[in-house]
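> Can you keep this structure in mind? I'll have questions shortly.
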Amino acid sequence: MTSPDLVLAPADQRTPPAALLQSPAAQPLDSALFEMHSLLEQHGHLIAVYPASIAPAHEQRLHMVRSVLESDRIVLLKSSLPPLGTAILALQLRQLTLGGFSPGVIASAARLLPHYIHAGAVLNSVTKLDRVPVSLKSHAKSWLPGTQFGVLAHPEPQLVKIGAGQLKGPEFASHLLVANGQLQTDWVTATLAPSWQVQAVHETPLPADSAHWWGTAKLVEFASYLPDANVIHQLVASAWRVQCHWCGMELIGDRCGFCDSPLPSASTGSTPVQENQTGGSGVLSQGTRARHRG
């Protein structure tokens, strides 16, 4: 990870810790190269998850280190999820390392697992929100004192005025992670959590980049997720695995997690690959949802 506040503590003692890939301002290049080389020697492969909102200089550092080391064992995964969602994704990828999956499968699972992360926030203003479509009417309401908005950025953008609408949530059993910013509201725990029928609510400090991502410091960020590592392992294990025709890594889905090469299309004579056996869309089927609710 690229920030310590994006490293969530696991619920168990077995999940491995995350390595912190620091910014150029915090670590000179030679130290970054030595640290990355040591991680590769120790673990064999490195999957670096970082948010799309990262500073350009920090992202350039990651690519520079990989280029200097000339290693195809390093994959850089840029996440478009909000900060809290990115933190959850990184934790789930760490949990997958205990399931005996190959590095290629874990890297490509980063495209599957976000299907099960509903990431949003409560905001006092949407005037600077540029990551979710906002109507002119909503912009105008932002100027009214006391107005608050419920916003879902992923998996499908949604925006409602608090008290006049509700956000559509997950259709499977989940937990809710909440990070409080400078906004005073209990809407997430008192209204959203019951409507989404979450099994538990957990709190965590607000990531430093959340105010920038959402366009205001007056917010409460939240994200629902699959809490059971065994369910996550089952989802990944049930996906078809193939070998990347370009780099040779094992993968699930339609694109290699390491080299980003897409699978050959059916027109080339290759057999189409189903992303996940639990459902053609790559998400939990109704039957699977019912089982997980129990």
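Please note that chains go A, B, ... in the order of the structure tokens, that every chain numbers its residues from 1, and that ligands are numbered from 1 in the order shown.
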Residues at most 8 Å from Leu226 of chain A, counting only C-alpha atoms, excluding those fewer than 3 positions away in the same chain, as a ChimeraX atom specification?
/A:116-117,173-175,229,231-232
> Can you tell me which residues surround Met64 of chain A at a distance of at most 12 Å, considering only C-alpha atoms, apart from same-chain residues fewer than 3 positions away, and format the answer as a list in words?
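My list of contacting residues is Pro24, Leu29, Asp30, Ala32, Leu33, Met36, Ala57, His58, Glu59, Gln60, Arg61, Ser67, Val68, Leu69, Glu70, Ser71, Ile74 and Leu76 of chain A.
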> Enter the distance from atom CA of His212 of chain A to atom CA of Leu89 of chain A, in Å, rounded to one decimal.
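The value is 19.6 Å.
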> Please return, as a VMD selection string, all residues of segment 5-210 of chain A that DSSP assigns to strand (DSSP E or B) on the basis of the backbone.
chain A and resid 46 to 51 74 to 79 118 to 123 149 to 154 158 to 161 175 to 180 200 to 203
> Taking the chain letters and numbering used in this document, name the residues of segment 70-260 of chain A that DSSP puts in alpha helix (DSSP H), as a ChimeraX atom specification.
/A:83-96,103-108,136-141,187,193-196,210-214,229-237
> Can you spit out the residues from that selection as a short mmCIF file (atom, residue, chain, number, x, y, z; two decimals), in the first residue's frame, using N, CA and C atoms?

data_model
loop_
_atom_site.label_atom_id
_atom_site.label_comp_id
_atom_site.auth_asym_id
_atom_site.auth_seq_id
_atom_site.Cartn_x
_atom_site.Cartn_y
_atom_site.Cartn_z
N PRO A 83 -11.14 5.86 -1.10
CA PRO A 83 -10.08 5.38 -0.20
C PRO A 83 -10.46 4.22 0.69
N LEU A 84 -11.64 4.27 1.31
CA LEU A 84 -12.04 3.19 2.21
C LEU A 84 -12.26 1.90 1.44
N GLY A 85 -12.82 1.99 0.24
CA GLY A 85 -13.01 0.81 -0.60
C GLY A 85 -11.68 0.21 -1.03
N THR A 86 -10.71 1.07 -1.34
CA THR A 86 -9.38 0.61 -1.72
C THR A 86 -8.72 -0.13 -0.56
N ALA A 87 -8.91 0.39 0.65
CA ALA A 87 -8.33 -0.26 1.84
C ALA A 87 -8.93 -1.65 2.04
N ILE A 88 -10.24 -1.78 1.82
CA ILE A 88 -10.90 -3.07 1.95
C ILE A 88 -10.39 -4.05 0.90
N LEU A 89 -10.26 -3.58 -0.33
CA LEU A 89 -9.76 -4.43 -1.41
C LEU A 89 -8.37 -4.95 -1.08
N ALA A 90 -7.50 -4.09 -0.59
CA ALA A 90 -6.14 -4.51 -0.24
C ALA A 90 -6.15 -5.56 0.86
N LEU A 91 -7.02 -5.40 1.85
CA LEU A 91 -7.12 -6.38 2.93
C LEU A 91 -7.59 -7.73 2.38
N GLN A 92 -8.56 -7.73 1.49
CA GLN A 92 -9.07 -8.98 0.94
C GLN A 92 -8.03 -9.69 0.08
N LEU A 93 -7.21 -8.93 -0.63
CA LEU A 93 -6.14 -9.54 -1.41
C LEU A 93 -5.10 -10.17 -0.48
N ARG A 94 -4.86 -9.52 0.66
CA ARG A 94 -3.95 -10.11 1.65
C ARG A 94 -4.53 -11.41 2.19
N GLN A 95 -5.85 -11.44 2.40
CA GLN A 95 -6.48 -12.66 2.89
C GLN A 95 -6.37 -13.80 1.88
N LEU A 96 -6.37 -13.47 0.60
CA LEU A 96 -6.29 -14.49 -0.44
C LEU A 96 -4.93 -15.18 -0.45
N PRO A 103 0.17 -15.99 -7.58
CA PRO A 103 0.19 -14.52 -7.66
C PRO A 103 -0.69 -13.98 -8.78
N GLY A 104 -0.74 -14.68 -9.92
CA GLY A 104 -1.55 -14.21 -11.03
C GLY A 104 -3.03 -14.21 -10.71
N VAL A 105 -3.49 -15.25 -10.01
CA VAL A 105 -4.90 -15.33 -9.62
C VAL A 105 -5.23 -14.23 -8.62
N ILE A 106 -4.36 -13.99 -7.65
CA ILE A 106 -4.61 -12.94 -6.66
C ILE A 106 -4.66 -11.58 -7.33
N ALA A 107 -3.74 -11.32 -8.25
CA ALA A 107 -3.73 -10.03 -8.93
C ALA A 107 -4.99 -9.82 -9.77
N SER A 108 -5.43 -10.84 -10.49
CA SER A 108 -6.62 -10.69 -11.32
C SER A 108 -7.90 -10.69 -10.48
N LEU A 136 -27.49 19.55 -11.82
CA LEU A 136 -27.49 20.97 -11.48
C LEU A 136 -28.38 21.23 -10.26
N LYS A 137 -29.49 20.46 -10.16
CA LYS A 137 -30.39 20.62 -9.03
C LYS A 137 -29.69 20.27 -7.73
N SER A 138 -28.90 19.20 -7.74
CA SER A 138 -28.16 18.81 -6.53
C SER A 138 -27.10 19.84 -6.19
N HIS A 139 -26.44 20.39 -7.22
CA HIS A 139 -25.47 21.45 -6.98
C HIS A 139 -26.13 22.63 -6.30
N ALA A 140 -27.32 22.99 -6.77
CA ALA A 140 -28.03 24.13 -6.19
C ALA A 140 -28.42 23.87 -4.74
N LYS A 141 -28.83 22.62 -4.45
CA LYS A 141 -29.21 22.29 -3.08
C LYS A 141 -28.02 22.32 -2.13
N TRP A 187 -26.68 9.22 10.21
CA TRP A 187 -27.49 8.63 9.15
C TRP A 187 -26.95 7.27 8.72
N ALA A 193 -27.41 1.54 7.58
CA ALA A 193 -27.06 0.18 8.01
C ALA A 193 -28.30 -0.71 8.15
N PRO A 194 -29.38 -0.25 8.80
CA PRO A 194 -30.58 -1.09 8.87
C PRO A 194 -31.21 -1.36 7.50
N SER A 195 -31.22 -0.35 6.62
CA SER A 195 -31.83 -0.56 5.30
C SER A 195 -31.03 -1.53 4.45
N TRP A 196 -29.73 -1.57 4.65
CA TRP A 196 -28.88 -2.51 3.92
C TRP A 196 -28.80 -3.86 4.63
N SER A 210 -9.33 11.00 1.85
CA SER A 210 -10.78 10.98 1.65
C SER A 210 -11.35 12.36 1.34
N ALA A 211 -10.88 13.39 2.05
CA ALA A 211 -11.41 14.74 1.81
C ALA A 211 -11.14 15.18 0.38
N HIS A 212 -9.96 14.86 -0.14
CA HIS A 212 -9.64 15.20 -1.52
C HIS A 212 -10.50 14.41 -2.50
N TRP A 213 -10.69 13.12 -2.22
CA TRP A 213 -11.45 12.25 -3.13
C TRP A 213 -12.89 12.70 -3.24
N TRP A 214 -13.50 13.04 -2.09
CA TRP A 214 -14.92 13.41 -2.06
C TRP A 214 -15.17 14.89 -2.23
N ALA A 229 -13.60 -14.38 5.13
CA ALA A 229 -12.49 -14.72 4.22
C ALA A 229 -12.76 -16.02 3.49
N ASN A 230 -13.49 -16.94 4.12
CA ASN A 230 -13.80 -18.21 3.47
C ASN A 230 -14.70 -18.01 2.25
N VAL A 231 -15.63 -17.07 2.35
CA VAL A 231 -16.50 -16.76 1.21
C VAL A 231 -15.69 -16.15 0.07
N ILE A 232 -14.77 -15.26 0.42
CA ILE A 232 -13.90 -14.64 -0.60
C ILE A 232 -13.06 -15.70 -1.29
N HIS A 233 -12.51 -16.62 -0.51
CA HIS A 233 -11.72 -17.71 -1.09
C HIS A 233 -12.58 -18.56 -2.03
N GLN A 234 -13.84 -18.80 -1.62
CA GLN A 234 -14.73 -19.61 -2.44
C GLN A 234 -15.03 -18.92 -3.77
N LEU A 235 -15.25 -17.62 -3.73
CA LEU A 235 -15.53 -16.87 -4.95
C LEU A 235 -14.38 -16.99 -5.94
N VAL A 236 -13.16 -16.81 -5.45
CA VAL A 236 -12.00 -16.87 -6.33
C VAL A 236 -11.73 -18.29 -6.78
N ALA A 237 -11.88 -19.25 -5.87
CA ALA A 237 -11.62 -20.64 -6.22
C ALA A 237 -12.60 -21.17 -7.25
#
> If we count only C-alpha atoms and set the cut-off at 12 Å, which residues sit around Asp12 of chain A, ignoring sequence neighbours fewer than 2 positions away in its own chain? Please answer as number ranges by chain.
A: 8-10, 14-17, 91, 94-95, 98, 227-229
> Using N, CA, C and O atoms, can you write the selected residues to a file as a tab-separated table (two decimals), in the first residue's frame?

chain	number	residue	atom	x	y	z
A	8	LEU	N	-5.78	-1.79	6.69
A	8	LEU	CA	-6.75	-2.18	7.71
A	8	LEU	C	-6.23	-3.39	8.49
A	8	LEU	O	-5.61	-4.29	7.92
A	9	ALA	N	-6.52	-3.39	9.77
A	9	ALA	CA	-6.13	-4.52	10.60
A	9	ALA	C	-7.08	-5.69	10.34
A	9	ALA	O	-8.30	-5.51	10.34
A	10	PRO	N	-6.55	-6.88	10.11
A	10	PRO	CA	-7.42	-8.05	9.87
A	10	PRO	C	-8.07	-8.52	11.16
A	10	PRO	O	-7.61	-8.21	12.26
A	14	ARG	N	-3.73	-14.51	11.21
A	14	ARG	CA	-3.01	-15.21	10.14
A	14	ARG	C	-2.77	-14.33	8.92
A	14	ARG	O	-1.79	-14.55	8.19
A	15	THR	N	-3.65	-13.38	8.67
A	15	THR	CA	-3.49	-12.53	7.49
A	15	THR	C	-2.18	-11.76	7.55
A	15	THR	O	-1.90	-11.09	8.55
A	16	PRO	N	-1.36	-11.83	6.52
A	16	PRO	CA	-0.05	-11.17	6.56
A	16	PRO	C	-0.17	-9.65	6.53
A	16	PRO	O	-1.15	-9.11	6.03
A	17	PRO	N	0.81	-8.97	7.09
A	17	PRO	CA	0.78	-7.50	7.08
A	17	PRO	C	1.05	-6.96	5.68
A	17	PRO	O	1.53	-7.69	4.80
A	91	LEU	N	-7.02	-5.40	1.85
A	91	LEU	CA	-7.12	-6.38	2.93
A	91	LEU	C	-7.59	-7.73	2.38
A	91	LEU	O	-7.05	-8.78	2.75
A	94	ARG	N	-4.86	-9.52	0.66
A	94	ARG	CA	-3.95	-10.11	1.65
A	94	ARG	C	-4.53	-11.41	2.19
A	94	ARG	O	-3.80	-12.38	2.41
A	95	GLN	N	-5.85	-11.44	2.40
A	95	GLN	CA	-6.48	-12.66	2.89
A	95	GLN	C	-6.37	-13.80	1.88
A	95	GLN	O	-6.25	-14.96	2.26
A	98	LEU	N	-3.52	-16.56	1.81
A	98	LEU	CA	-3.57	-17.73	2.68
A	98	LEU	C	-4.30	-18.90	2.03
A	98	LEU	O	-4.37	-19.98	2.61
A	227	PRO	N	-17.43	-9.99	4.77
A	227	PRO	CA	-16.53	-10.07	5.93
A	227	PRO	C	-15.85	-11.42	6.10
A	227	PRO	O	-14.86	-11.52	6.82
A	228	ASP	N	-16.38	-12.45	5.46
A	228	ASP	CA	-15.89	-13.81	5.68
A	228	ASP	C	-14.82	-14.15	4.66
A	228	ASP	O	-15.09	-14.24	3.46
A	229	ALA	N	-13.60	-14.38	5.13
A	229	ALA	CA	-12.49	-14.72	4.22
A	229	ALA	C	-12.76	-16.02	3.49
A	229	ALA	O	-12.33	-16.19	2.34
> Considering only C-alpha atoms, state which residue in the set A:Leu176, A:Ala11, A:Gln166, A:Pro155 is at the smallest distance from Leu112 of chain A.
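Looking at the shortest contact to Leu112 of chain A, the residue is A:Pro155.
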> Please provide as an MDAnalysis selection string all residues within 8 Å of Leu263 of chain A, with the sequence filter that same-chain residues fewer than 5 positions apart are discarded (counting only C-alpha atoms).
chainID A and resid 244:245 254:256
> List the neighbours of Ala164 of chain A out to 12 Å using only C-alpha atoms; skip same-chain residues closer than 4 positions along the sequence, and give me the result as a list in words.
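After dropping sequence-adjacent residues, the list is Thr147, Gln148, Phe149, Gly150, Leu159 and Val160 of chain A.
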> Could you write those residues out with N, CA and C atoms, as a PDB file, in the first residue's frame?

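After the write, result-v5.pdb holds the following:
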ATOM      1  N   THR A 147     -28.140  20.994   4.350  1.00  0.00           N
ATOM      2  CA  THR A 147     -28.395  19.926   3.388  1.00  0.00           C
ATOM      3  C   THR A 147     -27.266  18.898   3.414  1.00  0.00           C
ATOM      4  N   GLN A 148     -27.633  17.639   3.412  1.00  0.00           N
ATOM      5  CA  GLN A 148     -26.653  16.551   3.361  1.00  0.00           C
ATOM      6  C   GLN A 148     -27.051  15.570   2.267  1.00  0.00           C
ATOM      7  N   PHE A 149     -26.053  14.924   1.691  1.00  0.00           N
ATOM      8  CA  PHE A 149     -26.276  14.010   0.583  1.00  0.00           C
ATOM      9  C   PHE A 149     -25.664  12.651   0.890  1.00  0.00           C
ATOM     10  N   GLY A 150     -26.380  11.608   0.500  1.00  0.00           N
ATOM     11  CA  GLY A 150     -25.838  10.269   0.520  1.00  0.00           C
ATOM     12  C   GLY A 150     -25.368   9.933  -0.882  1.00  0.00           C
ATOM     13  N   LEU A 159     -26.894   9.129  -5.981  1.00  0.00           N
ATOM     14  CA  LEU A 159     -26.860  10.330  -5.158  1.00  0.00           C
ATOM     15  C   LEU A 159     -28.281  10.652  -4.716  1.00  0.00           C
ATOM     16  N   VAL A 160     -28.468  10.791  -3.406  1.00  0.00           N
ATOM     17  CA  VAL A 160     -29.778  11.140  -2.862  1.00  0.00           C
ATOM     18  C   VAL A 160     -29.607  12.231  -1.822  1.00  0.00           C
TER      19      VAL A 160
END
> Would you compute the distance between atom CA of Ser224 of chain A and atom CA of Val201 of chain A? Give it in Å to one decimal.
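The value is 9.0 Å.
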> Which neighbours of Arg73 of chain A fall inside 8 Å, counting only C-alpha atoms, when residues of the same chain fewer than 2 positions from it are skipped, and could you give them as a PyMOL selection string?
chain A and resi 40+44-46+71+75+258
> Would you write out those residues with all heavy atoms, as a tab-separated table (two decimals), in the first residue's frame?

chain	number	residue	atom	x	y	z
A	40	LEU	N	10.83	-8.66	-2.92
A	40	LEU	CA	10.79	-9.66	-3.98
A	40	LEU	C	11.59	-10.90	-3.60
A	40	LEU	O	11.17	-12.03	-3.87
A	40	LEU	CB	11.32	-9.06	-5.29
A	40	LEU	CG	10.42	-8.09	-6.03
A	40	LEU	CD1	11.14	-7.49	-7.23
A	40	LEU	CD2	9.14	-8.77	-6.48
A	44	GLY	N	8.84	-13.42	-3.52
A	44	GLY	CA	8.78	-13.89	-4.90
A	44	GLY	C	8.06	-12.97	-5.84
A	44	GLY	O	8.52	-12.72	-6.96
A	45	HIS	N	6.89	-12.45	-5.43
A	45	HIS	CA	6.12	-11.53	-6.25
A	45	HIS	C	5.59	-10.40	-5.36
A	45	HIS	O	5.47	-10.57	-4.14
A	45	HIS	CB	4.94	-12.23	-6.93
A	45	HIS	CG	5.34	-13.23	-7.97
A	45	HIS	ND1	5.76	-14.51	-7.63
A	45	HIS	CD2	5.40	-13.15	-9.33
A	45	HIS	CE1	6.06	-15.17	-8.73
A	45	HIS	NE2	5.84	-14.37	-9.78
A	46	LEU	N	5.26	-9.26	-5.99
A	46	LEU	CA	4.75	-8.11	-5.24
A	46	LEU	C	3.54	-7.55	-5.97
A	46	LEU	O	3.61	-7.24	-7.16
A	46	LEU	CB	5.83	-7.03	-5.10
A	46	LEU	CG	5.41	-5.80	-4.31
A	46	LEU	CD1	5.24	-6.13	-2.83
A	46	LEU	CD2	6.43	-4.68	-4.47
A	71	SER	N	11.69	-5.98	-13.29
A	71	SER	CA	11.06	-7.19	-12.78
A	71	SER	C	9.64	-7.33	-13.30
A	71	SER	O	8.84	-6.39	-13.21
A	71	SER	CB	11.04	-7.16	-11.24
A	71	SER	OG	10.37	-8.30	-10.75
A	75	VAL	N	3.46	-6.15	-9.89
A	75	VAL	CA	2.27	-5.64	-10.56
A	75	VAL	C	1.76	-4.44	-9.78
A	75	VAL	O	1.70	-4.45	-8.55
A	75	VAL	CB	1.18	-6.73	-10.67
A	75	VAL	CG1	0.76	-7.25	-9.30
A	75	VAL	CG2	-0.03	-6.18	-11.40
A	258	PHE	N	-1.24	-9.25	-14.14
A	258	PHE	CA	0.16	-8.81	-14.14
A	258	PHE	C	0.50	-7.96	-15.36
A	258	PHE	O	1.03	-6.86	-15.22
A	258	PHE	CB	1.09	-10.02	-14.05
A	258	PHE	CG	1.49	-10.36	-12.64
A	258	PHE	CD1	0.60	-11.04	-11.81
A	258	PHE	CD2	2.72	-9.99	-12.13
A	258	PHE	CE1	0.94	-11.34	-10.50
A	258	PHE	CE2	3.08	-10.29	-10.83
A	258	PHE	CZ	2.18	-10.96	-10.01
> For atom CA of Arg131 of chain A and atom CA of Ala153 of chain A, quote the distance in Å rounded to one decimal.
7.4 Å
